[in-house]
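Structure file start_3.cif; described as mmCIF, C-alpha atoms and all ligand atoms.
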data_structure
#
loop_
_atom_site.label_atom_id
_atom_site.label_comp_id
_atom_site.auth_asym_id
_atom_site.auth_seq_id
_atom_site.Cartn_x
_atom_site.Cartn_y
_atom_site.Cartn_z
CA MET A 1234 90.00 139.55 82.83
CA LEU A 1235 92.97 137.78 84.42
CA SER A 1236 93.54 134.04 84.30
CA VAL A 1237 93.92 132.16 87.57
CA SER A 1238 97.68 131.89 87.24
CA ASP A 1239 98.16 135.55 86.25
CA ALA A 1240 96.06 136.68 89.22
CA PHE A 1241 98.06 134.42 91.50
CA THR A 1242 101.40 135.72 90.19
CA LEU A 1243 100.26 139.31 90.60
CA MET A 1244 99.35 138.68 94.22
CA GLN A 1245 102.71 137.10 94.93
CA GLN A 1246 104.38 140.25 93.60
CA HIS A 1247 102.65 142.24 96.34
CA VAL A 1248 103.33 140.17 99.43
CA LEU A 1249 103.08 142.07 102.71
CA PRO A 1250 106.30 143.41 104.20
CA LEU A 1251 105.74 141.91 107.66
CA PRO A 1252 108.17 142.82 110.46
CA THR A 1253 109.84 140.36 112.79
CA GLU A 1254 109.33 139.96 116.51
CA ILE A 1255 110.98 138.02 119.30
CA VAL A 1256 108.84 135.43 121.07
CA PRO A 1257 109.65 133.10 123.98
CA ILE A 1258 110.05 129.52 122.82
CA HIS A 1259 106.80 128.39 124.46
CA ASN A 1260 104.89 130.79 122.18
CA ALA A 1261 106.76 129.85 119.00
CA THR A 1262 104.69 126.87 117.87
CA GLY A 1263 103.41 127.35 114.33
CA ARG A 1264 105.40 130.54 113.81
CA VAL A 1265 107.84 131.18 110.94
CA LEU A 1266 111.53 131.61 111.79
CA ARG A 1267 113.27 134.72 110.54
CA GLU A 1268 116.75 133.80 111.75
CA ALA A 1269 118.78 130.67 111.14
CA ILE A 1270 119.31 128.44 114.14
CA ASN A 1271 122.70 126.77 114.44
CA ALA A 1272 124.00 123.93 116.54
CA ASP A 1273 125.61 125.29 119.73
CA ARG A 1274 127.41 121.95 120.24
CA ASP A 1275 127.99 118.80 118.25
CA PHE A 1276 124.96 116.52 117.74
CA PRO A 1277 125.35 114.35 119.75
CA PRO A 1278 127.64 116.41 121.97
CA PHE A 1279 129.59 113.37 123.22
CA ASP A 1280 130.05 109.73 122.28
CA ARG A 1281 126.68 108.52 123.48
CA VAL A 1282 125.68 105.04 124.59
CA ALA A 1283 122.84 104.08 122.25
CA MET A 1284 121.55 100.93 124.02
CA ASP A 1285 121.31 99.66 127.58
CA GLY A 1286 123.91 96.89 127.93
CA ILE A 1287 127.59 96.42 128.73
CA GLY A 1288 130.56 98.50 127.59
CA ILE A 1289 133.75 96.59 126.71
CA GLN A 1290 137.08 97.00 124.99
CA PHE A 1291 136.78 95.52 121.52
CA ALA A 1292 140.37 94.22 121.65
CA ASP A 1293 139.29 91.73 124.36
CA TYR A 1294 136.41 90.50 122.24
CA SER A 1295 138.55 90.07 119.12
CA ALA A 1296 141.07 88.13 121.19
CA GLY A 1297 138.28 85.63 121.92
CA GLN A 1298 137.12 86.88 125.34
CA ARG A 1299 133.35 86.40 125.82
CA THR A 1300 132.91 86.70 129.61
CA PHE A 1301 133.61 90.00 131.37
CA MET A 1302 133.54 90.88 135.04
CA VAL A 1303 131.06 93.72 135.71
CA VAL A 1304 132.96 96.44 137.62
CA GLY A 1305 130.39 99.22 137.72
CA THR A 1306 127.47 101.01 136.11
CA GLN A 1307 127.60 104.10 133.92
CA ARG A 1308 124.26 105.92 134.01
CA ALA A 1309 123.00 108.75 131.83
CA GLY A 1310 123.63 112.16 133.34
CA GLU A 1311 126.84 111.18 135.13
CA PRO A 1312 130.42 112.11 134.31
CA PRO A 1313 132.21 109.28 132.49
CA GLN A 1314 133.80 106.46 134.45
CA THR A 1315 136.95 104.69 133.31
CA LEU A 1316 137.25 101.04 132.37
CA ARG A 1317 140.80 100.19 133.46
CA GLU A 1318 141.30 96.42 133.49
CA PRO A 1319 141.13 94.17 130.45
CA THR A 1320 138.34 91.52 130.47
CA THR A 1321 136.18 93.70 132.67
CA CYS A 1322 133.10 95.66 131.62
CA LEU A 1323 130.77 98.40 132.81
CA GLU A 1324 127.02 98.25 132.57
CA VAL A 1325 126.07 101.26 130.45
CA MET A 1326 122.72 103.01 130.04
CA THR A 1327 121.23 104.64 126.96
CA GLY A 1328 122.07 108.34 126.88
CA ALA A 1329 125.17 108.00 129.05
CA MET A 1330 128.51 109.39 127.99
CA LEU A 1331 130.68 106.53 126.80
CA PRO A 1332 133.05 105.55 129.64
CA ILE A 1333 136.74 106.15 129.03
CA GLY A 1334 138.34 102.93 127.79
CA VAL A 1335 135.08 101.55 126.37
CA ASP A 1336 134.82 101.38 122.59
CA THR A 1337 131.99 98.90 122.07
CA VAL A 1338 128.55 98.39 123.63
CA VAL A 1339 126.73 95.06 123.61
CA ARG A 1340 123.04 95.34 124.44
CA TYR A 1341 121.48 93.39 127.31
CA GLU A 1342 119.51 91.28 124.83
CA ASP A 1343 122.83 89.83 123.60
CA VAL A 1344 124.34 89.22 127.04
CA THR A 1345 123.60 86.99 130.03
CA ILE A 1346 124.69 88.24 133.44
CA THR A 1347 125.18 85.86 136.36
CA ASP A 1348 127.12 86.42 139.56
CA GLY A 1349 128.63 89.63 138.32
CA GLN A 1350 129.90 88.04 135.10
CA ALA A 1351 128.50 89.14 131.74
CA THR A 1352 128.73 86.68 128.87
CA ILE A 1353 128.21 87.84 125.32
CA THR A 1354 125.98 85.42 123.38
CA ILE A 1355 126.41 86.75 119.84
CA ASP A 1356 129.23 86.36 117.33
CA ASP A 1357 128.91 89.44 115.20
CA VAL A 1358 130.07 92.16 117.57
CA GLU A 1359 131.91 94.92 115.76
CA LYS A 1360 134.05 97.71 117.12
CA GLY A 1361 131.94 100.78 117.89
CA LEU A 1362 128.68 98.84 118.10
CA ASN A 1363 125.75 100.73 119.72
CA ILE A 1364 127.70 103.95 120.07
CA HIS A 1365 126.23 107.16 118.68
CA ALA A 1366 129.52 108.92 118.04
CA GLN A 1367 129.96 112.61 118.79
CA ALA A 1368 129.03 114.89 115.86
CA THR A 1369 127.74 112.11 113.62
CA ASP A 1370 124.44 113.99 113.16
CA ARG A 1371 125.61 117.61 113.05
CA HIS A 1372 128.73 119.62 113.88
CA ALA A 1373 128.78 122.61 116.24
CA GLY A 1374 128.01 125.76 114.26
CA GLU A 1375 126.17 123.90 111.51
CA GLU A 1376 122.77 125.29 110.46
CA LEU A 1377 119.92 123.24 111.86
CA LEU A 1378 116.89 125.38 110.94
CA PRO A 1379 117.08 127.88 108.07
CA THR A 1380 115.17 131.14 108.07
CA GLY A 1381 111.66 130.52 106.74
CA THR A 1382 111.20 127.34 108.79
CA TRP A 1383 107.73 126.61 110.12
CA MET A 1384 107.99 125.71 113.80
CA GLY A 1385 106.39 122.27 114.02
CA PRO A 1386 107.06 119.55 116.59
CA SER A 1387 110.54 118.53 115.34
CA GLU A 1388 111.63 122.13 114.84
CA MET A 1389 110.54 123.04 118.37
CA ALA A 1390 112.61 120.13 119.70
CA VAL A 1391 115.68 121.27 117.77
CA ALA A 1392 115.31 124.87 118.97
CA ALA A 1393 114.95 123.70 122.57
CA SER A 1394 117.95 121.39 122.31
CA VAL A 1395 120.26 124.24 121.32
CA GLY A 1396 119.05 126.48 124.13
CA GLN A 1397 116.96 128.98 122.15
CA THR A 1398 114.87 130.54 124.90
CA GLU A 1399 113.64 133.13 122.39
CA LEU A 1400 113.11 132.99 118.64
CA VAL A 1401 112.96 135.67 115.97
CA VAL A 1402 109.79 135.03 113.96
CA THR A 1403 107.58 136.88 111.49
CA ALA A 1404 105.05 139.07 113.28
CA LEU A 1405 101.55 137.84 112.57
CA PRO A 1406 99.56 140.24 110.43
CA ARG A 1407 96.56 141.96 112.01
CA VAL A 1408 93.69 140.72 109.90
CA ALA A 1409 90.09 141.96 109.93
CA LEU A 1410 87.31 139.90 108.35
CA ILE A 1411 84.38 142.01 107.23
CA SER A 1412 81.07 140.72 106.01
CA THR A 1413 78.94 143.12 104.01
CA GLY A 1414 75.26 142.84 103.13
CA ASP A 1415 71.93 144.26 104.32
CA GLU A 1416 70.43 140.78 104.35
CA LEU A 1417 72.88 139.48 106.96
CA VAL A 1418 72.17 139.22 110.68
CA ALA A 1419 74.34 137.99 113.55
CA VAL A 1420 74.51 134.36 114.65
CA ASN A 1421 72.46 135.05 117.76
CA GLU A 1422 69.63 136.82 115.91
CA ILE A 1423 66.45 135.33 114.48
CA PRO A 1424 66.46 136.23 110.78
CA LEU A 1425 63.36 137.78 109.23
CA PRO A 1426 62.02 135.86 106.22
CA TYR A 1427 64.23 137.84 103.82
CA GLN A 1428 67.35 137.71 105.96
CA ILE A 1429 70.09 135.12 106.60
CA ARG A 1430 72.70 134.76 109.30
CA ARG A 1431 76.22 135.70 108.33
CA SER A 1432 78.57 132.75 108.15
CA ASN A 1433 81.45 133.67 105.86
CA THR A 1434 83.62 135.37 108.45
CA TYR A 1435 83.52 132.21 110.60
CA MET A 1436 84.59 130.17 107.59
CA VAL A 1437 87.49 132.43 106.65
CA GLN A 1438 88.56 132.80 110.27
CA THR A 1439 88.88 129.03 110.50
CA VAL A 1440 90.90 128.90 107.29
CA LEU A 1441 93.33 131.51 108.65
CA LEU A 1442 93.76 129.73 111.95
CA SER A 1443 95.69 127.06 110.04
CA LEU A 1444 98.45 129.70 109.75
CA GLY A 1445 98.06 130.71 113.38
CA ILE A 1446 96.34 133.96 112.39
CA ASN A 1447 93.41 134.87 114.62
CA ALA A 1448 91.45 137.46 112.66
CA THR A 1449 88.81 139.76 114.12
CA MET A 1450 85.27 139.76 112.70
CA HIS A 1451 83.17 142.75 111.67
CA HIS A 1452 80.03 143.51 109.74
CA ILE A 1453 79.06 146.52 107.64
CA THR A 1454 75.75 147.20 105.92
CA ASP A 1455 75.47 148.00 102.21
CA ASP A 1456 75.53 151.75 102.79
CA GLU A 1457 78.25 153.44 100.79
CA ALA A 1458 78.98 156.14 103.36
CA VAL A 1459 79.02 153.72 106.29
CA LEU A 1460 81.19 151.33 104.32
CA GLN A 1461 83.67 154.10 103.67
CA THR A 1462 83.97 155.23 107.30
CA GLU A 1463 84.12 151.71 108.69
CA ILE A 1464 86.61 150.38 106.13
CA GLN A 1465 88.80 153.43 106.68
CA ARG A 1466 88.79 152.80 110.42
CA LEU A 1467 89.60 149.09 110.01
CA LEU A 1468 92.29 149.84 107.45
CA ALA A 1469 94.06 152.07 109.94
CA ASP A 1470 94.14 149.32 112.58
CA ASN A 1471 95.01 146.30 110.43
CA ASP A 1472 97.52 144.96 107.92
CA VAL A 1473 95.01 142.93 105.94
CA LEU A 1474 91.30 143.40 105.31
CA ILE A 1475 89.31 140.50 103.96
CA LEU A 1476 85.85 141.56 102.89
CA SER A 1477 83.13 139.22 101.81
CA GLY A 1478 80.38 140.33 99.48
CA GLY A 1479 79.76 143.56 97.66
CA VAL A 1480 82.28 143.03 94.85
CA SER A 1481 79.92 141.77 92.12
CA ALA A 1482 77.80 143.74 89.68
CA GLY A 1483 74.79 144.32 91.94
CA LYS A 1484 73.25 147.66 92.79
CA ALA A 1485 74.57 147.42 96.37
CA ASP A 1486 78.09 146.26 95.46
CA PHE A 1487 79.98 149.35 96.60
CA VAL A 1488 83.18 147.74 97.87
CA PRO A 1489 85.53 148.33 94.89
CA ALA A 1490 84.53 152.00 94.53
CA VAL A 1491 84.88 152.64 98.26
CA LEU A 1492 88.30 150.98 98.44
CA THR A 1493 89.58 152.96 95.49
CA ARG A 1494 88.33 156.16 97.11
CA LEU A 1495 90.21 155.24 100.27
CA GLY A 1496 93.46 155.02 98.32
CA VAL A 1497 93.70 151.25 98.05
CA GLN A 1498 95.13 150.59 94.63
CA GLN A 1499 93.17 147.97 92.72
CA ARG A 1500 95.57 145.33 91.37
CA PHE A 1501 92.83 143.33 89.74
CA HIS A 1502 89.11 142.76 89.82
CA LYS A 1503 87.66 139.51 88.47
CA ILE A 1504 89.35 136.28 87.51
CA GLN A 1505 88.45 133.83 84.76
CA GLN A 1506 87.21 131.20 87.16
CA LYS A 1507 84.12 129.57 88.52
CA PRO A 1508 83.19 129.99 91.30
CA GLY A 1509 84.71 133.23 92.60
CA LYS A 1510 84.86 135.33 89.44
CA PRO A 1511 84.36 138.74 91.16
CA LEU A 1512 87.46 138.49 93.41
CA TRP A 1513 88.98 141.93 94.07
CA PHE A 1514 92.57 142.50 95.18
CA GLY A 1515 94.28 145.75 96.08
CA THR A 1516 97.16 147.13 98.10
CA THR A 1517 98.52 150.23 99.71
CA GLU A 1518 102.18 150.65 100.55
CA ASN A 1519 101.96 148.31 103.53
CA LYS A 1520 98.42 146.93 103.59
CA THR A 1521 96.45 144.46 101.55
CA VAL A 1522 92.75 144.16 100.85
CA PHE A 1523 90.91 141.14 99.48
CA GLY A 1524 87.33 141.57 98.35
CA LEU A 1525 85.97 138.04 98.28
CA PRO A 1526 82.68 137.29 96.57
CA GLY A 1527 79.93 136.69 99.14
CA ASN A 1528 78.67 133.34 97.98
CA PRO A 1529 80.04 130.95 100.58
CA VAL A 1530 81.55 128.41 98.16
CA SER A 1531 83.28 131.25 96.28
CA THR A 1532 84.43 132.73 99.57
CA VAL A 1533 86.12 129.58 100.85
CA LEU A 1534 87.60 128.76 97.44
CA CYS A 1535 89.16 132.23 97.19
CA ALA A 1536 90.38 132.02 100.78
CA CYS A 1537 92.13 128.69 100.17
CA ARG A 1538 93.33 129.31 96.59
CA TYR A 1539 94.52 132.92 96.95
CA VAL A 1540 94.44 134.34 100.49
CA LEU A 1541 96.23 131.46 102.23
CA PRO A 1542 99.13 131.22 99.75
CA TYR A 1543 99.42 135.01 99.86
CA LEU A 1544 99.64 135.05 103.65
CA ARG A 1545 102.07 132.11 103.65
CA ALA A 1546 104.40 134.04 101.35
CA SER A 1547 104.01 137.16 103.47
CA LEU A 1548 104.98 135.20 106.57
CA GLY A 1549 108.13 134.03 104.77
CA LEU A 1550 107.01 130.42 104.32
CA SER A 1551 107.67 128.56 101.10
CA PRO A 1552 104.58 127.47 99.16
CA ALA A 1553 102.65 124.47 100.47
CA PRO A 1554 103.54 121.20 98.72
CA VAL A 1555 101.50 120.82 95.55
CA GLN A 1556 98.81 118.17 95.87
CA TYR A 1557 97.39 116.18 93.00
CA ALA A 1558 94.52 113.73 92.74
CA GLN A 1559 92.87 111.54 90.16
CA LEU A 1560 89.40 112.44 89.02
CA ALA A 1561 86.98 109.62 89.93
CA THR A 1562 84.35 110.30 87.26
CA SER A 1563 84.24 112.24 83.99
CA ILE A 1564 83.17 115.86 84.06
CA THR A 1565 82.15 118.20 81.26
CA PHE A 1566 82.61 121.93 81.78
CA LYS A 1567 82.38 124.02 78.64
CA PRO A 1568 83.00 127.68 79.62
CA ASN A 1569 86.52 128.88 78.91
CA VAL A 1570 87.32 129.53 82.58
CA THR A 1571 89.09 127.54 85.29
CA TYR A 1572 86.58 125.39 87.12
CA PHE A 1573 87.10 124.64 90.80
CA LEU A 1574 85.23 121.44 91.44
CA PRO A 1575 84.35 120.61 95.08
CA VAL A 1576 85.70 117.13 95.78
CA LYS A 1577 85.86 114.52 98.49
CA LEU A 1578 89.32 112.95 98.62
CA THR A 1579 89.93 109.30 99.29
CA SER A 1580 93.26 107.57 99.64
CA GLU A 1581 93.75 104.22 97.90
CA THR A 1582 95.97 101.37 99.11
CA ASP A 1583 98.14 101.75 95.99
CA GLY A 1584 98.98 105.30 97.03
CA ARG A 1585 96.65 107.17 94.70
CA THR A 1586 94.46 110.01 95.92
CA ILE A 1587 91.05 109.97 94.28
CA ALA A 1588 88.92 113.09 93.90
CA ASN A 1589 85.23 112.31 94.03
CA PRO A 1590 83.15 115.19 92.62
CA LEU A 1591 80.40 116.39 94.93
CA PRO A 1592 77.12 117.10 93.25
CA GLY A 1593 75.92 120.48 94.48
CA SER A 1594 73.81 123.39 93.53
CA GLY A 1595 76.55 125.90 92.84
CA SER A 1596 78.40 128.57 94.67
CA ALA A 1597 75.69 129.25 97.25
CA ASP A 1598 75.48 125.62 98.41
CA PHE A 1599 77.63 125.76 101.45
CA ALA A 1600 75.84 123.06 103.43
CA ASN A 1601 77.29 120.71 100.82
CA LEU A 1602 80.80 121.98 101.53
CA THR A 1603 80.98 120.05 104.77
CA ALA A 1604 81.38 116.94 102.62
CA ALA A 1605 84.20 118.51 100.60
CA ASP A 1606 87.89 118.20 101.41
CA GLY A 1607 88.81 120.79 98.82
CA PHE A 1608 88.61 121.86 95.19
CA MET A 1609 90.06 120.27 92.10
CA GLU A 1610 91.44 122.88 89.70
CA LEU A 1611 90.23 121.99 86.20
CA PRO A 1612 92.06 124.08 83.59
CA ALA A 1613 90.27 126.54 81.35
CA SER A 1614 91.89 125.03 78.25
CA GLN A 1615 89.89 121.82 78.54
CA SER A 1616 86.16 121.17 78.57
CA GLU A 1617 86.17 117.37 78.97
CA PHE A 1618 87.84 115.94 82.04
CA GLY A 1619 88.14 112.18 81.94
CA ALA A 1620 87.93 109.73 84.81
CA GLY A 1621 91.50 108.90 85.85
CA GLU A 1622 92.97 112.23 84.73
CA VAL A 1623 95.20 113.90 87.31
CA PHE A 1624 94.75 117.53 88.35
CA ARG A 1625 95.85 119.76 91.17
CA VAL A 1626 93.72 119.99 94.30
CA TRP A 1627 93.45 122.76 96.88
CA VAL A 1628 92.63 121.34 100.25
CA ILE A 1629 90.47 123.25 102.72
CA PRO A 1630 92.80 123.38 105.73
CA GLY A 1631 92.10 121.14 108.63
CA ILE A 1632 92.93 117.76 107.14
CA GLU A 1633 96.54 118.61 106.33
CA SER A 1634 99.24 120.38 108.29
CA VAL A 1635 100.47 123.80 107.28
CA ARG A 1636 103.80 122.48 106.19
P1 LIG B 1701 77.34 139.38 97.24
O1 LIG B 1701 78.72 138.93 96.86
O2 LIG B 1701 77.33 140.48 98.24
O3 LIG B 1701 76.53 139.69 96.02
O4 LIG B 1701 76.65 138.14 97.95
C1 LIG B 1701 76.41 136.96 97.21
C2 LIG B 1701 75.58 136.02 98.01
O5 LIG B 1701 76.32 135.58 99.15
C3 LIG B 1701 74.29 136.60 98.55
O6 LIG B 1701 73.29 135.62 98.43
C4 LIG B 1701 74.61 136.89 99.99
O7 LIG B 1701 73.46 136.85 100.80
C5 LIG B 1701 75.57 135.80 100.34
N1 LIG B 1701 76.47 136.24 101.39
C6 LIG B 1701 77.21 137.36 101.36
N2 LIG B 1701 77.93 137.49 102.50
C7 LIG B 1701 77.62 136.43 103.27
C8 LIG B 1701 78.02 136.00 104.56
N3 LIG B 1701 78.89 136.69 105.31
N4 LIG B 1701 77.51 134.84 105.05
C9 LIG B 1701 76.64 134.15 104.29
N5 LIG B 1701 76.22 134.50 103.07
C10 LIG B 1701 76.69 135.63 102.56
MG MG B 1702 76.02 141.68 99.12
#

As a first step, turn the structure in this file into structure tokens.
Amino acid sequence: MLSVSDAFTLMQQHVLPLPTEIVPIHNATGRVLREAINADRDFPPFDRVAMDGIGIQFADYSAGQRTFMVVGTQRAGEPPQTLREPTTCLEVMTGAMLPIGVDTVVRYEDVTITDGQATITIDDVEKGLNIHAQATDRHAGEELLPTGTWMGPSEMAVAASVGQTELVVTALPRVALISTGDELVAVNEIPLPYQIRRSNTYMVQTVLLSLGINATMHHITDDEAVLQTEIQRLLADNDVLILSGGVSAGKADFVPAVLTRLGVQQRFHKIQQKPGKPLWFGTTENKTVFGLPGNPVSTVLCACRYVLPYLRASLGLSPAPVQYAQLATSITFKPNVTYFLPVKLTSETDGRTIANPLPGSGSADFANLTAADGFMELPASQSEFGAGEVFRVWVIPGIESVR
């Protein structure tokens, strides 16, 4: 049976070859760039007034001049005026092109203006003050956003500022979420005493929405023939299938056999971990199938620990920043497998993140999950985990951004 890290590495070796598509900028939020975006002009494109105030010639100031006659106003969005006479000034507005002849801006807070005369009230004016000089941020042609960039708020602003009406991004994979199990009924049904409502697909769908992927939801009963026809149909129409249930050792756990029969090559089945041991992973040339264990805690753990990083890599995004936390209380876990401990995270004023273990009744206790922010990954090599020890955590998306 594979270790957690070997299973993870194997998955990363089979990332999906997703194509690119062109989207209008207003649909590009949260998408992953597949082209570099360069500056079409210098940043800023002209010497830009950085504060509202007066524009002067520094030579006057250094010669001792403090009072300047106001001869006009340079607003943002206007062609530049010219300051011709010594000891005169122009009022200048933030965002305006620096007037010709002006080399220094003194902000209104440091000036008093009476009867058309502006008097500078500070003594530390330097040449070039309050001017955001052309190309100080970036030069025309310079790369602003590399390929693989996630389009968040700042990235959208940069793309807009260089006139990108359309962006080349990774096409989102078509993902189908499939619950399996004869005991499962739909949300709007009243379960019989031996039935439960299906909930896993809603959970996984929410996890995937953090990557902008809106998966469809399906249900198949534990009938081997039906499973085979339905999975075959869904495989034809999707890039990724995420099944829940039917991958353990039960009499109705037909999923691995059916997938193999359909030509999906099993890459692994089972990982040395708790919860989520029965995880199944397989691929075809251009499709991927995850068989997640049906127990809800296992399902969400596998979705966050394996499916999300896999889809991130397939989209062309670099891995999410690694997050660590400090265990709040000691834990003993003897089995020689990686233990994913549900935790509530708290942030301390000294900057530490504390992971508070959530007492629960195992991998079926999903009501308890609403209190969890994620899972702390406790390595298989240890069985005692001391309070204060630092381990990696996998956050259930929602409280962090994708990036
Ligand atoms: P399985 O992996 O099929 O053996 O299922 C393990 C446990 O998870 C069983 O108790 C199932 O009833 C439960 N389960 C499976 N799928 C779902 C689902 N979609 N929603 C809620 N519980 C589920
Ligand atoms: Mg089942």

A:Leu1611 surroundings by all atoms listed in the file, 8 Å radius, close-in-sequence under 3 positions cut, as an mmCIF file with C-alpha atoms, keeping the file's coordinate frame:
data_model
loop_
_atom_site.group_PDB
_atom_site.id
_atom_site.type_symbol
_atom_site.label_atom_id
_atom_site.label_comp_id
_atom_site.auth_asym_id
_atom_site.auth_seq_id
_atom_site.Cartn_x
_atom_site.Cartn_y
_atom_site.Cartn_z
ATOM 1 C CA THR A 1571 89.090 127.540 85.290
ATOM 2 C CA TYR A 1572 86.580 125.390 87.120
ATOM 3 C CA PHE A 1573 87.100 124.640 90.800
ATOM 4 C CA LEU A 1574 85.230 121.440 91.440
ATOM 5 C CA GLN A 1615 89.890 121.820 78.540
ATOM 6 C CA PHE A 1618 87.840 115.940 82.040
ATOM 7 C CA PHE A 1624 94.750 117.530 88.350
ATOM 8 C CA ARG A 1625 95.850 119.760 91.170
#

Atomic distance atom CA of A:Asp1275 - atom CA of A:Leu1550, expressed in Å with one decimal: 27.7 Å

Neighbourhood of ligand MG 1702 (chain B) at 7 Å, counting all atoms listed in the file, reported as a PyMOL selection string: chain A and resi 1413-1414+1478-1479+1485-1486+1527

Shortest interatomic distance to ligand LIG 1701 (chain B) - which of A:Ile1587, A:Ala1419, A:Leu1400, A:Leu1377, counting all atoms listed in the file: A:Ala1419

Selection near A:Ser1412, 10 Å with only C-alpha atoms, sequence-local residues under 6 positions removed, as a list in words: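 In the requested form, the answer reads Arg1431, Ser1432, Asn1433, Thr1434, Tyr1435, Met1450, His1451, His1452, Ile1453, Thr1454, Asp1455, Ile1475, Leu1476, Ser1477, Gly1478, Gly1479, Gly1524, Leu1525 and Gly1527 of chain A.
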
Pick from A:Gln1307, A:Asn1528, A:Thr1242, A:Thr1565 nearest to ligand LIG 1701 (chain B), counting all atoms listed in the file: A:Asn1528

Atom CA of A:Val1338 to atom CA of A:Val1304, straight-line distance in Å: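 Atom-to-atom, atom CA of A:Val1304 and atom CA of A:Val1338 are spaced 14.8 Å apart.
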
Between atom CA of A:Thr1369 and atom CA of A:Ile1270 - distance in Å to one decimal: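 A separation of 18.4 Å between them.
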
Write out N, CA and C atoms for stretch 1379-1390 of chain A, as a PDB file, in the frame of the given file.
ATOM      1  N   PRO A1379     116.879 126.654 108.841  1.00  0.00           N
ATOM      2  CA  PRO A1379     117.080 127.880 108.070  1.00  0.00           C
ATOM      3  C   PRO A1379     115.965 128.883 108.329  1.00  0.00           C
ATOM      4  N   THR A1380     116.224 130.127 107.985  1.00  0.00           N
ATOM      5  CA  THR A1380     115.170 131.140 108.070  1.00  0.00           C
ATOM      6  C   THR A1380     114.037 130.699 107.127  1.00  0.00           C
ATOM      7  N   GLY A1381     112.808 130.979 107.536  1.00  0.00           N
ATOM      8  CA  GLY A1381     111.660 130.520 106.740  1.00  0.00           C
ATOM      9  C   GLY A1381     111.098 129.187 107.218  1.00  0.00           C
ATOM     10  N   THR A1382     111.694 128.623 108.271  1.00  0.00           N
ATOM     11  CA  THR A1382     111.200 127.340 108.790  1.00  0.00           C
ATOM     12  C   THR A1382     109.907 127.532 109.568  1.00  0.00           C
ATOM     13  N   TRP A1383     108.969 126.642 109.336  1.00  0.00           N
ATOM     14  CA  TRP A1383     107.730 126.610 110.120  1.00  0.00           C
ATOM     15  C   TRP A1383     107.986 125.802 111.375  1.00  0.00           C
ATOM     16  N   MET A1384     107.643 126.359 112.535  1.00  0.00           N
ATOM     17  CA  MET A1384     107.990 125.710 113.800  1.00  0.00           C
ATOM     18  C   MET A1384     106.953 124.636 114.174  1.00  0.00           C
ATOM     19  N   GLY A1385     107.206 123.439 113.672  1.00  0.00           N
ATOM     20  CA  GLY A1385     106.390 122.270 114.020  1.00  0.00           C
ATOM     21  C   GLY A1385     107.057 121.498 115.153  1.00  0.00           C
ATOM     22  N   PRO A1386     106.548 120.317 115.439  1.00  0.00           N
ATOM     23  CA  PRO A1386     107.060 119.550 116.590  1.00  0.00           C
ATOM     24  C   PRO A1386     108.579 119.298 116.540  1.00  0.00           C
ATOM     25  N   SER A1387     109.105 118.841 115.396  1.00  0.00           N
ATOM     26  CA  SER A1387     110.540 118.530 115.340  1.00  0.00           C
ATOM     27  C   SER A1387     111.381 119.795 115.441  1.00  0.00           C
ATOM     28  N   GLU A1388     110.896 120.866 114.829  1.00  0.00           N
ATOM     29  CA  GLU A1388     111.630 122.130 114.840  1.00  0.00           C
ATOM     30  C   GLU A1388     111.672 122.713 116.247  1.00  0.00           C
ATOM     31  N   MET A1389     110.565 122.564 116.984  1.00  0.00           N
ATOM     32  CA  MET A1389     110.540 123.040 118.370  1.00  0.00           C
ATOM     33  C   MET A1389     111.568 122.269 119.198  1.00  0.00           C
ATOM     34  N   ALA A1390     111.658 120.964 118.950  1.00  0.00           N
ATOM     35  CA  ALA A1390     112.610 120.130 119.700  1.00  0.00           C
ATOM     36  C   ALA A1390     114.044 120.576 119.402  1.00  0.00           C
TER      37      ALA A1390
END
